[in-house]
Each structure stands twice: as C-alpha cells, then as structure tokens.
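Data file: structure04.cif. Format and content: mmCIF, C-alpha atoms (C1' of nucleotides).
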data_run
#
loop_
_atom_site.label_atom_id
_atom_site.label_comp_id
_atom_site.auth_asym_id
_atom_site.auth_seq_id
_atom_site.Cartn_x
_atom_site.Cartn_y
_atom_site.Cartn_z
CA MET R 1 0.00 0.00 0.00
CA GLY R 2 0.97 3.57 -0.35
CA ARG R 3 2.13 4.02 3.16
CA ASP R 4 4.89 1.70 4.21
CA GLY R 5 4.59 0.02 7.55
CA PHE R 6 0.86 -0.21 7.84
CA VAL R 7 -0.44 -3.14 9.89
CA GLY R 8 -3.75 -4.76 9.03
CA ALA R 9 -6.26 -5.76 11.67
CA PHE R 10 -5.68 -9.47 11.27
CA GLU R 11 -1.96 -9.04 10.88
CA GLU R 12 -1.94 -7.45 14.29
CA LEU R 13 -3.59 -10.48 15.84
CA VAL R 14 -1.13 -12.83 14.19
CA LEU R 15 1.83 -10.75 15.28
CA LEU R 16 0.59 -10.78 18.84
CA ALA R 17 -0.02 -14.50 18.81
CA VAL R 18 3.52 -15.07 17.58
CA ILE R 19 4.91 -12.86 20.32
CA ARG R 20 2.95 -14.83 22.87
CA GLY R 21 4.58 -18.00 21.60
CA ARG R 22 8.01 -16.66 22.57
CA GLY R 23 9.74 -18.49 19.80
CA THR R 24 7.89 -21.75 20.21
CA GLY R 25 4.86 -20.77 18.15
CA TYR R 26 4.07 -22.21 14.74
CA GLY R 27 1.09 -22.09 12.42
CA MET R 28 -1.22 -24.28 14.42
CA THR R 29 -0.53 -22.65 17.78
CA VAL R 30 -0.94 -19.20 16.34
CA ARG R 31 -4.32 -20.23 15.07
CA ARG R 32 -5.34 -21.71 18.40
CA GLU R 33 -4.16 -18.70 20.35
CA ILE R 34 -6.21 -16.32 18.23
CA GLU R 35 -9.27 -18.50 18.42
CA GLU R 36 -9.08 -18.88 22.17
CA ARG R 37 -8.38 -15.27 22.95
CA THR R 38 -10.76 -13.61 20.52
CA GLY R 39 -13.49 -16.20 20.21
CA ARG R 40 -13.59 -15.84 16.47
CA ASP R 41 -12.67 -18.83 14.39
CA VAL R 42 -9.85 -18.73 12.00
CA THR R 43 -8.90 -20.99 9.13
CA ILE R 44 -5.39 -22.24 8.97
CA GLY R 45 -5.01 -20.91 5.44
CA ALA R 46 -5.66 -17.40 6.65
CA VAL R 47 -2.96 -17.75 9.27
CA TYR R 48 -0.27 -18.98 6.91
CA ALA R 49 -1.09 -16.48 4.21
CA THR R 50 -0.68 -13.71 6.75
CA LEU R 51 2.44 -15.21 8.26
CA ASP R 52 4.01 -15.39 4.81
CA ARG R 53 3.18 -11.79 4.08
CA LEU R 54 4.58 -10.69 7.41
CA GLU R 55 7.77 -12.54 6.68
CA LYS R 56 8.01 -10.95 3.25
CA LYS R 57 7.73 -7.54 4.90
CA GLY R 58 10.53 -8.43 7.28
CA TRP R 59 8.44 -8.35 10.43
CA VAL R 60 8.72 -12.01 11.38
CA THR R 61 11.18 -14.75 10.60
CA SER R 62 10.75 -18.49 10.55
CA ALA R 63 12.83 -21.61 10.91
CA VAL R 64 11.83 -25.18 10.24
CA GLY R 65 12.38 -27.36 13.27
CA GLU R 66 13.67 -30.89 13.49
CA PRO R 67 10.97 -33.36 12.56
CA ASP R 68 10.07 -34.83 15.91
CA ALA R 69 10.31 -38.63 16.09
CA ASP R 70 7.52 -39.35 18.60
CA ARG R 71 5.12 -37.01 17.03
CA GLY R 72 5.13 -37.97 13.41
CA GLY R 73 3.83 -35.53 10.86
CA ARG R 74 5.54 -32.79 9.00
CA ALA R 75 8.18 -30.60 10.62
CA ARG R 76 7.01 -27.44 12.28
CA ARG R 77 7.92 -23.97 11.11
CA TYR R 78 8.59 -21.81 14.13
CA PHE R 79 8.07 -18.08 14.06
CA ARG R 80 9.58 -15.13 15.84
CA VAL R 81 8.79 -11.45 15.59
CA LEU R 82 11.65 -9.23 14.49
CA PRO R 83 12.38 -5.75 15.87
CA GLU R 84 10.78 -4.24 12.77
CA GLY R 85 7.58 -6.07 13.60
CA VAL R 86 7.65 -4.81 17.15
CA ASP R 87 8.11 -1.26 15.86
CA ALA R 88 5.19 -1.61 13.52
CA LEU R 89 3.00 -2.79 16.38
CA GLN R 90 4.07 0.06 18.57
CA THR R 91 3.39 2.61 15.86
CA LEU R 92 0.01 1.15 15.17
CA ARG R 93 -0.97 1.15 18.77
CA SER R 94 0.04 4.66 19.56
CA ALA R 95 -1.62 6.06 16.45
CA ARG R 96 -4.83 4.27 17.27
CA ASP R 97 -4.75 5.25 20.92
CA GLY R 98 -4.71 8.87 19.88
CA LEU R 99 -8.14 8.44 18.36
CA TRP R 100 -9.51 6.38 21.22
CA GLU R 101 -8.40 8.96 23.73
CA GLY R 102 -11.36 10.32 25.58
CA VAL R 103 -13.88 8.19 23.71
CA ASP R 104 -16.45 6.46 25.86
CA LEU R 105 -18.53 4.05 23.84
CA ASP R 106 -21.30 3.95 26.42
CA ASP R 107 -21.84 7.58 25.74
CA VAL R 108 -21.93 7.67 21.99
CA VAL R 109 -25.50 6.96 20.99
CA SER R 110 -27.26 8.84 23.74
CA GLY R 111 -24.83 11.73 23.92
CA GLY R 112 -24.43 12.39 20.18
CA ALA R 113 -25.15 16.01 19.33
CA SER R 114 -26.75 15.73 15.93
CA MET K 1 -15.82 -11.36 4.24
CA GLY K 2 -16.71 -14.63 5.74
CA ARG K 3 -17.21 -13.43 9.23
CA ASP K 4 -19.87 -10.79 9.59
CA GLY K 5 -19.08 -7.79 11.69
CA PHE K 6 -15.37 -7.57 11.16
CA VAL K 7 -13.87 -4.08 11.39
CA GLY K 8 -10.84 -3.18 9.31
CA ALA K 9 -7.95 -1.19 10.72
CA PHE K 10 -8.75 1.94 8.80
CA GLU K 11 -12.47 1.55 9.31
CA GLU K 12 -11.82 1.69 13.01
CA LEU K 13 -10.04 5.03 12.69
CA VAL K 14 -12.85 6.46 10.61
CA LEU K 15 -15.48 5.25 13.04
CA LEU K 16 -13.61 6.84 15.92
CA ALA K 17 -13.17 10.11 14.07
CA VAL K 18 -16.90 10.21 13.37
CA ILE K 19 -17.68 9.57 17.01
CA ARG K 20 -15.39 12.40 17.99
CA GLY K 21 -17.33 14.71 15.72
CA ARG K 22 -20.50 14.12 17.78
CA GLY K 23 -22.77 14.57 14.83
CA THR K 24 -20.98 17.57 13.39
CA GLY K 25 -18.35 15.63 11.50
CA TYR K 26 -18.23 15.32 7.73
CA GLY K 27 -15.72 14.00 5.25
CA MET K 28 -13.16 16.73 5.58
CA THR K 29 -13.18 16.86 9.36
CA VAL K 30 -12.90 13.09 9.60
CA ARG K 31 -9.85 13.29 7.45
CA ARG K 32 -8.31 16.09 9.47
CA GLU K 33 -9.00 14.35 12.76
CA ILE K 34 -7.28 11.18 11.63
CA GLU K 35 -4.31 13.06 10.25
CA GLU K 36 -3.85 15.12 13.37
CA ARG K 37 -4.24 12.30 15.83
CA THR K 38 -2.28 9.60 14.04
CA GLY K 39 0.25 11.62 12.11
CA ARG K 40 -0.30 9.62 9.00
CA ASP K 41 -1.71 11.34 5.99
CA VAL K 42 -4.90 10.29 4.45
CA THR K 43 -6.45 11.03 1.09
CA ILE K 44 -10.00 12.23 0.98
CA GLY K 45 -10.94 9.46 -1.41
CA ALA K 46 -9.93 6.85 1.15
CA VAL K 47 -12.13 8.49 3.75
CA TYR K 48 -15.24 8.62 1.61
CA ALA K 49 -14.83 5.14 0.25
CA THR K 50 -14.66 3.88 3.81
CA LEU K 51 -17.52 6.04 5.00
CA ASP K 52 -19.69 4.69 2.18
CA ARG K 53 -18.86 1.13 3.06
CA LEU K 54 -19.59 1.73 6.72
CA GLU K 55 -22.94 3.20 5.80
CA LYS K 56 -23.74 0.24 3.60
CA LYS K 57 -23.01 -2.06 6.54
CA GLY K 58 -25.37 -0.05 8.71
CA TRP K 59 -22.73 1.23 11.10
CA VAL K 60 -23.00 4.91 10.31
CA THR K 61 -25.66 7.10 8.82
CA SER K 62 -25.38 10.38 6.98
CA ALA K 63 -27.49 13.42 6.22
CA VAL K 64 -26.76 16.22 3.80
CA GLY K 65 -26.84 19.59 5.51
CA GLU K 66 -28.16 22.87 4.23
CA PRO K 67 -25.74 24.42 1.79
CA ASP K 68 -24.30 27.25 3.82
CA ALA K 69 -24.58 30.66 2.19
CA ASP K 70 -21.44 32.32 3.54
CA ARG K 71 -19.28 29.40 2.94
CA GLY K 72 -19.94 28.55 -0.63
CA GLY K 73 -19.09 25.13 -1.90
CA ARG K 74 -21.08 21.98 -1.94
CA ALA K 75 -23.33 20.98 0.94
CA ARG K 76 -21.76 18.91 3.66
CA ARG K 77 -22.73 15.38 4.42
CA TYR K 78 -22.76 14.87 8.17
CA PHE K 79 -22.13 11.50 9.75
CA ARG K 80 -23.18 9.77 12.91
CA VAL K 81 -22.28 6.34 14.24
CA LEU K 82 -25.21 4.00 14.82
CA PRO K 83 -25.52 1.56 17.74
CA GLU K 84 -24.46 -1.26 15.43
CA GLY K 85 -21.24 0.58 14.76
CA VAL K 86 -20.61 1.07 18.44
CA ASP K 87 -21.15 -2.63 19.01
CA ALA K 88 -18.71 -3.52 16.29
CA LEU K 89 -16.10 -1.29 17.85
CA GLN K 90 -16.65 -2.76 21.26
CA THR K 91 -16.35 -6.30 19.94
CA LEU K 92 -13.22 -5.47 18.06
CA ARG K 93 -11.58 -3.87 21.01
CA SER K 94 -12.30 -6.58 23.50
CA ALA K 95 -11.16 -9.32 21.13
CA ARG K 96 -7.94 -7.51 20.45
CA ASP K 97 -7.32 -6.70 24.08
CA GLY K 98 -7.37 -10.40 24.83
CA LEU K 99 -4.29 -10.84 22.69
CA TRP K 100 -2.52 -7.77 24.00
CA GLU K 101 -3.05 -8.87 27.56
CA GLY K 102 0.27 -9.35 29.28
CA VAL K 103 2.30 -8.44 26.21
CA ASP K 104 5.12 -6.00 26.82
CA LEU K 105 6.70 -4.87 23.59
CA ASP K 106 9.88 -3.72 25.29
CA ASP K 107 10.44 -7.29 26.26
CA VAL K 108 9.90 -9.07 23.03
CA VAL K 109 13.18 -9.03 21.18
CA SER K 110 15.51 -9.51 24.09
CA GLY K 111 13.30 -11.92 26.01
CA GLY K 112 12.33 -14.19 23.12
CA ALA K 113 13.05 -17.84 23.89
CA SER K 114 13.98 -19.18 20.49
"C1'" DA T 1 7.73 -51.98 0.01
"C1'" DC T 2 2.92 -50.37 0.63
"C1'" DT T 3 -0.69 -48.27 3.01
"C1'" DC T 4 -2.61 -45.81 6.84
"C1'" DG T 5 -3.00 -42.22 10.28
"C1'" DT T 6 -1.48 -37.92 12.03
"C1'" DA T 7 0.49 -33.30 12.08
"C1'" DA T 8 1.54 -29.64 9.53
"C1'" DT T 9 2.30 -26.67 5.68
"C1'" DT T 10 1.39 -24.99 0.93
"C1'" DC T 11 -1.44 -23.67 -2.85
"C1'" DT T 12 -5.25 -21.53 -5.38
"C1'" DA T 13 -8.86 -18.51 -5.86
"C1'" DC T 14 -11.68 -14.95 -4.58
"C1'" DA T 15 -13.87 -11.24 -1.42
"C1'" DA T 16 -13.24 -7.17 1.32
"C1'" DT T 17 -10.66 -3.38 2.60
"C1'" DG T 18 -7.14 0.31 1.72
"C1'" DT T 19 -5.52 4.11 -1.16
"C1'" DA T 20 -4.82 7.62 -4.70
"C1'" DG T 21 -6.04 11.12 -7.67
"C1'" DA T 22 -8.96 13.22 -10.90
"C1'" DA T 23 -13.56 14.82 -11.90
"C1'" DA T 24 -17.79 16.95 -10.75
"C1'" DC T 25 -20.78 19.76 -7.99
"C1'" DT T 26 -22.39 24.15 -5.72
"C1'" DA T 27 -22.24 28.12 -3.93
"C1'" DC T 28 -20.04 32.97 -3.71
"C1'" DT T 29 -17.36 36.93 -5.96
"C1'" DA T 30 -15.60 39.78 -9.35
"C1'" DT A 1 -19.17 34.31 -17.36
"C1'" DA A 2 -15.09 33.15 -15.33
"C1'" DG A 3 -12.71 32.25 -11.20
"C1'" DT A 4 -12.21 30.29 -6.62
"C1'" DA A 5 -13.10 27.64 -2.50
"C1'" DG A 6 -15.07 23.78 -0.12
"C1'" DT A 7 -16.83 19.34 -0.64
"C1'" DT A 8 -18.33 15.08 -2.44
"C1'" DT A 9 -18.23 11.43 -6.09
"C1'" DC A 10 -16.11 8.40 -9.26
"C1'" DT A 11 -12.73 5.16 -11.14
"C1'" DA A 12 -9.10 2.13 -10.84
"C1'" DC A 13 -5.96 -0.61 -8.65
"C1'" DA A 14 -3.05 -2.61 -4.55
"C1'" DT A 15 -3.10 -4.99 -0.33
"C1'" DT A 16 -5.11 -7.67 3.07
"C1'" DG A 17 -8.57 -11.16 4.65
"C1'" DT A 18 -10.52 -15.81 4.20
"C1'" DA A 19 -11.72 -20.49 2.89
"C1'" DG A 20 -10.86 -25.02 1.70
"C1'" DA A 21 -8.57 -28.47 -0.81
"C1'" DA A 22 -4.16 -30.39 -1.87
"C1'" DT A 23 0.25 -31.73 -0.56
"C1'" DT A 24 4.28 -32.97 2.25
"C1'" DA A 25 6.52 -35.79 5.73
"C1'" DC A 26 6.98 -38.86 9.17
"C1'" DG A 27 6.27 -43.37 12.06
"C1'" DA A 28 3.85 -47.69 12.51
"C1'" DG A 29 1.82 -51.73 11.03
"C1'" DT A 30 1.37 -55.37 7.70
#
Here is a file; write its structure as structure tokens.
Amino acid sequence: MGRDGFVGAFEELVLLAVIRGRGTGYGMTVRREIEERTGRDVTIGAVYATLDRLEKKGWVTSAVGEPDADRGGRARRYFRVLPEGVDALQTLRSARDGLWEGVDLDDVVSGGAS
Amino acid sequence: MGRDGFVGAFEELVLLAVIRGRGTGYGMTVRREIEERTGRDVTIGAVYATLDRLEKKGWVTSAVGEPDADRGGRARRYFRVLPEGVDALQTLRSARDGLWEGVDLDDVVSGGAS
DNA sequence: ACTCGTAATTCTACAATGTAGAAACTACTA
DNA sequence: TAGTAGTTTCTACATTGTAGAATTACGAGT
C-alpha cells in the first residue's frame, strides 16, 4: 500500500499470537491462540497467508524445526517477531490510541449532538 | 468477508473520528481528525470510500446539511455512528485486548526464547 | 515396500478493505 | 461568465482477509 509500515487488523492479531509464543509458536498454535483469545474462528489458510506476508515484509522470521520422532507428521515452522515487527505494532498502537483517547462508547448513541 | 461484523484497521479510525465529531463531523473533518491524531496522511478518497462502506453495513448514517450561504461550496454530508457501529467497535476492542493482555513490547526481542 | 494415520504446511482462488487522484458539484465573488 | 473555495463522487488498482482443498513428511503396522 501507499504508506509503508501499515499493519492490518488481522496481521496485528497474528503478530501478537507469535509474540505470545516466545519463539515456540508455529502455524497451528498461532491459530489456536487467536481462536481462544478472541473467540472468532480462523482458518489455517488465513494464518499462513498472513504469516508469509509478514515474513516478506521483514516483520517475522521463521525456521523449520527438526521433525520430531515421537510425534510424526511434518516438521514445524517456528516463528519469531523481528524488531521491525515490534516497531510496527508500537506505531500502530500509539496512532490508534490517539483516536480512542477520551472516547467512551457507552456515551456515543445517547450523547451524540446531531 | 466470511465473518460478519469484522472491522478493518482503517475503518476503526474512521469510526472513531466520526464519534469524535459528535454529529458535526463530515468527510473533511474526519480526514483532518485522523491526520492530526495519528500523524499519517490520508487522502480524501480513502475516507469517503470507507464512509460509504460503513454506511452500507449499517454502522454509520449520513445526512446532507443545508448548503451554507457564507461558505460557498457543496453541501456537507454529516455523519453519525449507529448503535451497530458502536457494538462492532466494542467487539473489536475486546477481542484484540485479549491478545494484547500481558504483552510487553519492550520485552519481546531480548526476552524471546527461540 | 505399501498403506494408513497424524500433524503440519502450501497452494489456489476470490472477497473485502485500503488508497490515490482526478472529476464533478455548488455556492459565492468579481 | 469566469474564477475560486469547499466538498463530495467516481474510477481504478493494490493490499489484506478468508476459505478449503491439496500436498508434504513422518512413524507404525502389515
């Protein structure tokens, strides 16, 4: 997009879920974390597509782990958020907070002066 | 999109700017509010496209004002956020907060356990 | 070796949102 | 009638969001 560094709404959730994983998160856990914490359900395709885009932007990095013997199944791809990703989150949050400042949603409909 | 009720990142900013206007906001003021509070610059086309989509979803409503004599120029279209829009914002915020909970960005890069 | 079950990732396609910039509208003023 | 200011509308395209099926990779059992 025109402006460089913009974070989408879903990208934010994915970034946060990766951070929460502290280096041990991979596609499936990211999905689970978002589902559990937000209550909305998420397809795995959406998660990976976003993860790939975040990696392309240089905000996260990934490394394929050793295929675990006991577990079977394909090797996991572990994700970490890079400093650039942290910056993007910080920027997003402070910009948004500026607009939320002083807004009380309980007041909006009744108090509107139109 | 699949899930009904999802709020995009920019939509959120527009919604908030409209709320801040308390019924007196229109395209140009929404734009200015976002620019001033977030520091990022916004084209007027982006604002109206979003406003139109929000109206189509039933989250905001608009009414064209009297064309003001002293001012000249086209009549303004004033916006208000509807209860449905407030709900959407509330839902968005609480879902997101669940993922932010306990996250400290200053800690991420150094503290990551990868 | 062949097939099955399990865990995970990758791929494909499309819908919704984000963004830019030019065009058009509507009043006043000269 | 032309110019100017304030505002909205239109058009086109880029990026992000989402779904679901296909594929990869391994161990175990036969």
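The space between CA of Gly65 (chain R) and CA of Tyr26 (chain R) spans 9.9 Å.
Among the candidates R:Ser62, R:Thr29, R:Thr43, R:Thr38, the residue lying nearest to chain A is R:Thr43 (atoms considered: all atoms listed in the file).
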- Message: I'd like the neighbourhood of Glu33 (chain K) as a PyMOL selection string, where a residue qualifies if any of its atoms comes within 9 Å (using only C-alpha atoms (C1' of nucleotides)), though same-chain residues fewer than 4 positions away should be ignored.
- Response: (chain R and resi 99) or (chain K and resi 17-18+20-21+28-29+37-38)
What are the residues of chain K lining chain T at 7 Å or less? Count all atoms listed in the file, and put the answer as a PDB file with C-alpha atoms, in the frame of the given file.
ATOM      1  CA  MET K   1     -15.820 -11.360   4.240  1.00  0.00           C
ATOM      2  CA  GLY K   8     -10.840  -3.180   9.310  1.00  0.00           C
ATOM      3  CA  THR K  43      -6.450  11.030   1.090  1.00  0.00           C
ATOM      4  CA  ALA K  46      -9.930   6.850   1.150  1.00  0.00           C
ATOM      5  CA  GLY K  72     -19.940  28.550  -0.630  1.00  0.00           C
ATOM      6  CA  GLY K  73     -19.090  25.130  -1.900  1.00  0.00           C
ATOM      7  CA  ARG K  74     -21.080  21.980  -1.940  1.00  0.00           C
TER       8      ARG K  74
END
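When you apply the PyMOL selection byres ((chain A) within 8 of (chain K)) to this structure, what comes back is DA5, DG6, DT7, DT8, DG17 and DT18 of chain A.
What separates CA of Leu51 (chain K) from CA of Val103 (chain R) is a distance of 19.2 Å.
Between CA of Asp52 (chain K) and CA of Leu16 (chain K) there is a distance of 15.2 Å.
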Because the input lacks atoms here, generate N, CA and C atoms for region 26-48 of chain K and report them as a CSV table (one decimal), keeping the file's coordinate frame.
chain,number,residue,atom,x,y,z
K,26,TYR,N,-18.0,15.7,9.1
K,26,TYR,CA,-18.2,15.3,7.7
K,26,TYR,C,-16.9,14.9,7.1
K,27,GLY,N,-16.9,14.5,5.9
K,27,GLY,CA,-15.7,14.0,5.2
K,27,GLY,C,-14.4,14.7,5.6
K,28,MET,N,-14.4,16.0,5.4
K,28,MET,CA,-13.2,16.7,5.6
K,28,MET,C,-12.7,16.7,7.0
K,29,THR,N,-13.6,16.8,8.0
K,29,THR,CA,-13.2,16.9,9.4
K,29,THR,C,-12.7,15.5,9.8
K,30,VAL,N,-13.3,14.5,9.3
K,30,VAL,CA,-12.9,13.1,9.6
K,30,VAL,C,-11.5,12.9,9.2
K,31,ARG,N,-11.2,13.4,8.0
K,31,ARG,CA,-9.8,13.3,7.4
K,31,ARG,C,-8.9,14.0,8.3
K,32,ARG,N,-9.2,15.3,8.7
K,32,ARG,CA,-8.3,16.1,9.5
K,32,ARG,C,-8.1,15.5,10.8
K,33,GLU,N,-9.1,15.0,11.4
K,33,GLU,CA,-9.0,14.4,12.8
K,33,GLU,C,-8.0,13.2,12.7
K,34,ILE,N,-8.2,12.3,11.7
K,34,ILE,CA,-7.3,11.2,11.6
K,34,ILE,C,-5.8,11.6,11.4
K,35,GLU,N,-5.7,12.6,10.5
K,35,GLU,CA,-4.3,13.1,10.2
K,35,GLU,C,-3.7,13.6,11.5
K,36,GLU,N,-4.4,14.5,12.2
K,36,GLU,CA,-3.8,15.1,13.4
K,36,GLU,C,-3.5,14.1,14.5
K,37,ARG,N,-4.4,13.2,14.7
K,37,ARG,CA,-4.2,12.3,15.8
K,37,ARG,C,-3.3,11.1,15.6
K,38,THR,N,-3.1,10.8,14.3
K,38,THR,CA,-2.3,9.6,14.0
K,38,THR,C,-1.0,10.0,13.4
K,39,GLY,N,-1.0,11.2,12.8
K,39,GLY,CA,0.2,11.6,12.1
K,39,GLY,C,0.4,11.1,10.7
K,40,ARG,N,-0.4,10.1,10.4
K,40,ARG,CA,-0.3,9.6,9.0
K,40,ARG,C,-1.2,10.4,8.1
K,41,ASP,N,-0.8,10.6,6.8
K,41,ASP,CA,-1.7,11.3,6.0
K,41,ASP,C,-2.6,10.5,5.1
K,42,VAL,N,-3.8,11.0,4.9
K,42,VAL,CA,-4.9,10.3,4.4
K,42,VAL,C,-5.5,11.0,3.3
K,43,THR,N,-5.8,10.3,2.2
K,43,THR,CA,-6.4,11.0,1.1
K,43,THR,C,-8.0,11.0,1.3
K,44,ILE,N,-8.6,12.1,0.8
K,44,ILE,CA,-10.0,12.2,1.0
K,44,ILE,C,-10.8,11.1,0.3
K,45,GLY,N,-10.3,10.6,-0.8
K,45,GLY,CA,-10.9,9.5,-1.4
K,45,GLY,C,-11.0,8.2,-0.5
K,46,ALA,N,-10.0,8.0,0.2
K,46,ALA,CA,-9.9,6.8,1.2
K,46,ALA,C,-11.0,7.0,2.2
K,47,VAL,N,-11.1,8.2,2.7
K,47,VAL,CA,-12.1,8.5,3.8
K,47,VAL,C,-13.5,8.2,3.2
K,48,TYR,N,-13.9,8.8,2.1
K,48,TYR,CA,-15.2,8.6,1.6
K,48,TYR,C,-15.6,7.2,1.2
